[in-house]
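Colleague: Take a look at the following structure, please.
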Amino acid sequence: MIAKLLLLTLVGLCTAYQYSYEYEFPSSRPFNKTGFEFGAWEPNKEYVYNVTTKTMTALPDLEDYWTGIVTHGYLVIRPKDHNYVVAYIDRPTYAAFNEYLPRGYRTELSRFNLKWQPMPFSSKPFGIYYNKGAVKGFYVEKTVPNHEVNMLKGWVSQLQLDTQGAYVIKSEFNQFPENNTLTGVYKTMEPSVTGECETLYDVNPVPEFHFQSHKEWVPQPQWLEEDQHVFHVVKSRNFDHCEQRMGFHFGFSGFSDFKPNTNQMGNIMTKSEVTQMYLTGNWYNYTIQSVSTVNKVVVSPSLVNSQKAMVYAQQYTEKECAMQHRVQYIEQGDKICFTNRALPTCSSQCKAFEKIQKYVDVHCRDATDSAAQLFKQQIRKGVNPDMSNKSVTKTVKYYFPKKCVFAN
């Protein structure tokens, strides 16, 4: 039954993009001081996002044993202009798990010794065409397998933000960010990997003290400039109102009167999807700092009792936690040993998630040596002294971070 539930979810994720809505925001939208707009993508820059997904299923009413799969990779984006970007997936990996999770789907999986493997991905470049922040076109080579295309669509849909009303549903109740307020609530008919459905936008500014205590919301705060803001955007999808509904059902005798892939499918299934985004900048020129999408499907396996099975899918995208290269020193007894070259390490606000072992050459000096103390002080201040011309004293074992994540 669990495998069938996963299959049911994956069928619902296969889709194609179709677009129809073309409306503008009202003339009272915020004044643009910069005089130009590039949305999320500024040409001649490279954006690297750390993308993690997990899809898991269980019968949580009975016991919190969950089975599923976790994927990880880096989404590299290179804008050609503010409407067209070229992207590719770097170092995609995956790991399967079947564990007892005491906090259910909220359990942090990094505590488990997951066996990560390379994902069979072509990693060929693909193109994304944007229209006012919303995805308008998606271009891949013909040789890319269909399952990979669908996964790419899921990753790309994370970075879709209709800030300029490309697909707004006209309504007298829409309230857009204006000159005197940074808040807004409006509806769009937004295409994504789960279909083209009504999406409610809820926009609010985030106070500085609030996001400073949640580093994962704004992993790269240095992009926040003077007179700019942090925006929290919540997107809630209404699967009852769709122009294109990606869902099918078969074999439910006596239950053929409900529509598949809606919020409530009789007594058989319920579905929800919520996306939370954090931006820095203004409503015209901004940086997408992090995105989290949670999709829940709850199913009655036997159709006759109250026990529920759940399929939980989450995708988290954040700007990459910076990895730095620093000369390292090791204090061993009365000696201080310095690496002959700068080694990869995580920045101060990050921590190593995975490590790999290598052997490196070091140059050792007496701990009382004035030059050794000078090198040590320079390294602690973030300076890399030139050790490349120093003699090699010995070779030592060192653990390199394979990737860095933000320390909570």
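Starting from 1 in every chain, residues are counted up; chains themselves are A, B, ... following the order of the structure tokens, and ligands are numbered from 1 as listed.
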Within 12 Å of Glu172 (chain A), counting only C-alpha atoms, which residues show up once you throw out same-chain ones fewer than 2 positions away? Write them as a PyMOL selection string, please.

Modeller: chain A and resi 26+168-170+174-176+185-187

Colleague: Show me, as a VMD selection string, the residues that have an atom within 7 Å of Tyr74 (chain A) when counting only C-alpha atoms, minus same-chain residues fewer than 6 positions from it.

Modeller: chain A and resid 48 to 51 89 to 91

Colleague: Which one of A:Ser123, A:Arg106, A:Val233, A:Tyr100 sits closest to Asp162 (chain A) if you count only C-alpha atoms?

Modeller: A:Val233

Colleague: Find the residues around Lys355 (chain A) up to 8 Å (only C-alpha atoms counted), leave out those fewer than 6 positions away in its own chain, and share them as number ranges by chain.

Modeller: A: 399-403

Colleague: I want to know what sits within 12 Å of Pro207 (chain A), based on only C-alpha atoms, with residues of the same chain fewer than 2 positions away left out; could you give that as a list in words?

Modeller: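 Close residues of Pro207 (chain A): Leu182, Asn204, Pro205, Phe209, His210, Phe211, Gln212, Ser213, His214, Gln228, His229, Val230, Phe231, His232 and Thr280 of chain A.
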
Colleague: Please produce an output containing all heavy atoms for each residue in the selection, written as a short mmCIF file (atom, residue, chain, number, x, y, z; two decimals), in the first residue's frame.

Modeller:
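That gives us out30.cif:
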```cif
data_model
loop_
_atom_site.label_atom_id
_atom_site.label_comp_id
_atom_site.auth_asym_id
_atom_site.auth_seq_id
_atom_site.Cartn_x
_atom_site.Cartn_y
_atom_site.Cartn_z
N LEU A 182 3.97 47.67 2.86
CA LEU A 182 4.71 46.61 2.19
C LEU A 182 3.96 45.29 2.25
O LEU A 182 4.52 44.25 1.91
CB LEU A 182 6.10 46.46 2.82
CG LEU A 182 7.01 47.68 2.72
CD1 LEU A 182 8.30 47.45 3.51
CD2 LEU A 182 7.33 48.00 1.27
N ASN A 204 4.26 39.99 3.61
CA ASN A 204 4.48 40.79 4.81
C ASN A 204 5.98 41.07 4.98
O ASN A 204 6.82 40.21 4.67
CB ASN A 204 3.98 40.06 6.06
CG ASN A 204 2.47 40.00 6.14
OD1 ASN A 204 1.81 40.97 6.48
ND2 ASN A 204 1.91 38.84 5.79
N PRO A 205 6.34 42.26 5.47
CA PRO A 205 7.75 42.53 5.80
C PRO A 205 8.14 41.81 7.08
O PRO A 205 7.30 41.56 7.95
CB PRO A 205 7.78 44.05 5.97
CG PRO A 205 6.39 44.40 6.41
CD PRO A 205 5.47 43.43 5.73
N PHE A 209 14.97 41.90 13.85
CA PHE A 209 15.24 41.02 14.99
C PHE A 209 14.66 39.62 14.76
O PHE A 209 15.17 38.63 15.31
CB PHE A 209 14.67 41.63 16.28
CG PHE A 209 13.16 41.55 16.38
CD1 PHE A 209 12.53 40.47 16.97
CD2 PHE A 209 12.37 42.59 15.89
CE1 PHE A 209 11.15 40.41 17.06
CE2 PHE A 209 10.99 42.54 15.98
CZ PHE A 209 10.38 41.45 16.56
N HIS A 210 13.62 39.56 13.94
CA HIS A 210 12.95 38.28 13.72
C HIS A 210 13.79 37.37 12.82
O HIS A 210 14.02 36.20 13.14
CB HIS A 210 11.57 38.51 13.10
CG HIS A 210 10.63 37.38 13.31
ND1 HIS A 210 9.31 37.39 12.90
CD2 HIS A 210 10.80 36.16 13.89
CE1 HIS A 210 8.74 36.26 13.22
NE2 HIS A 210 9.62 35.50 13.82
N PHE A 211 14.28 37.87 11.68
CA PHE A 211 15.04 36.99 10.79
C PHE A 211 16.46 36.77 11.29
O PHE A 211 17.10 35.79 10.91
CB PHE A 211 15.03 37.53 9.35
CG PHE A 211 15.81 38.78 9.09
CD1 PHE A 211 17.19 38.74 8.95
CD2 PHE A 211 15.17 40.00 8.96
CE1 PHE A 211 17.91 39.90 8.69
CE2 PHE A 211 15.88 41.16 8.70
CZ PHE A 211 17.25 41.10 8.56
N GLN A 212 16.97 37.64 12.17
CA GLN A 212 18.30 37.41 12.71
C GLN A 212 18.34 36.18 13.60
O GLN A 212 19.39 35.55 13.76
CB GLN A 212 18.78 38.65 13.48
CG GLN A 212 19.23 39.80 12.58
CD GLN A 212 19.75 40.98 13.37
OE1 GLN A 212 19.50 41.09 14.57
NE2 GLN A 212 20.47 41.87 12.70
N SER A 213 17.21 35.84 14.20
CA SER A 213 17.13 34.65 15.05
C SER A 213 16.81 33.39 14.26
O SER A 213 16.73 32.30 14.83
CB SER A 213 16.08 34.85 16.15
OG SER A 213 14.80 35.06 15.59
N HIS A 214 16.60 33.52 12.95
CA HIS A 214 16.35 32.37 12.07
C HIS A 214 17.25 32.51 10.85
O HIS A 214 16.82 32.98 9.79
CB HIS A 214 14.88 32.32 11.65
CG HIS A 214 13.93 32.08 12.78
ND1 HIS A 214 13.58 30.82 13.21
CD2 HIS A 214 13.25 32.96 13.58
CE1 HIS A 214 12.73 30.92 14.23
NE2 HIS A 214 12.52 32.19 14.47
N GLN A 228 16.45 48.72 2.11
CA GLN A 228 15.79 47.54 1.56
C GLN A 228 15.10 46.77 2.66
O GLN A 228 15.25 47.09 3.85
CB GLN A 228 16.81 46.66 0.81
CG GLN A 228 17.35 47.29 -0.45
CD GLN A 228 18.20 46.34 -1.25
OE1 GLN A 228 18.66 45.30 -0.76
NE2 GLN A 228 18.43 46.68 -2.52
N HIS A 229 14.36 45.75 2.29
CA HIS A 229 13.52 45.03 3.26
C HIS A 229 13.66 43.53 3.08
O HIS A 229 14.14 43.04 2.05
CB HIS A 229 12.05 45.44 3.08
CG HIS A 229 11.80 46.90 3.10
ND1 HIS A 229 11.67 47.61 4.27
CD2 HIS A 229 11.70 47.81 2.09
CE1 HIS A 229 11.47 48.88 3.99
NE2 HIS A 229 11.48 49.02 2.68
N VAL A 230 13.22 42.81 4.11
CA VAL A 230 13.06 41.36 4.02
C VAL A 230 11.56 41.08 3.91
O VAL A 230 10.77 41.52 4.76
CB VAL A 230 13.64 40.64 5.25
CG1 VAL A 230 13.36 39.14 5.18
CG2 VAL A 230 15.14 40.89 5.35
N PHE A 231 11.17 40.38 2.86
CA PHE A 231 9.76 40.04 2.64
C PHE A 231 9.54 38.55 2.94
O PHE A 231 10.36 37.71 2.57
CB PHE A 231 9.35 40.31 1.19
CG PHE A 231 9.34 41.75 0.81
CD1 PHE A 231 10.46 42.34 0.23
CD2 PHE A 231 8.21 42.53 1.01
CE1 PHE A 231 10.46 43.68 -0.13
CE2 PHE A 231 8.20 43.87 0.66
CZ PHE A 231 9.31 44.44 0.09
N HIS A 232 8.41 38.27 3.58
CA HIS A 232 7.95 36.90 3.78
C HIS A 232 6.71 36.70 2.91
O HIS A 232 5.71 37.38 3.10
CB HIS A 232 7.62 36.65 5.25
CG HIS A 232 7.12 35.26 5.53
ND1 HIS A 232 6.22 34.97 6.55
CD2 HIS A 232 7.38 34.08 4.92
CE1 HIS A 232 5.97 33.69 6.55
NE2 HIS A 232 6.65 33.12 5.57
N THR A 280 15.07 39.42 -0.07
CA THR A 280 15.70 40.66 0.38
C THR A 280 15.77 41.62 -0.80
O THR A 280 16.05 41.21 -1.93
CB THR A 280 17.12 40.41 0.92
OG1 THR A 280 17.88 39.67 -0.05
CG2 THR A 280 17.08 39.64 2.22
#
```

Colleague: Applying 8 Å and only C-alpha atoms, which residues near Val274 (chain A) remain after dropping the ones on its own chain fewer than 6 positions away? List them as a PDB file with C-alpha atoms, in the first residue's frame.

Modeller:
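Output file result.pdb is given in full below:
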```pdb
ATOM      1  CA  VAL A 234       3.295  32.665   1.727  1.00  0.00           C
ATOM      2  CA  LYS A 235       1.722  30.944  -1.293  1.00  0.00           C
ATOM      3  CA  SER A 236      -1.246  28.636  -0.616  1.00  0.00           C
ATOM      4  CA  ARG A 237      -2.643  26.574  -3.482  1.00  0.00           C
ATOM      5  CA  THR A 293       7.319  23.993  -0.110  1.00  0.00           C
ATOM      6  CA  VAL A 294       5.348  21.367   1.812  1.00  0.00           C
ATOM      7  CA  ASN A 295       2.907  19.072   0.022  1.00  0.00           C
TER       8      ASN A 295
END
```

Colleague: State, in Å with one decimal place, the distance from CA of Arg365 (chain A) to CA of Ile336 (chain A).

Modeller: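 Taking CA of Arg365 (chain A) as the start and CA of Ile336 (chain A) as the end point, the length is 5.5 Å.
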
Colleague: Grab the CA of Val291 (chain A) to CA of Gln158 (chain A) distance for me, in Å with one decimal place.

Modeller: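 Taking CA of Val291 (chain A) and CA of Gln158 (chain A), their separation equals 6.5 Å.
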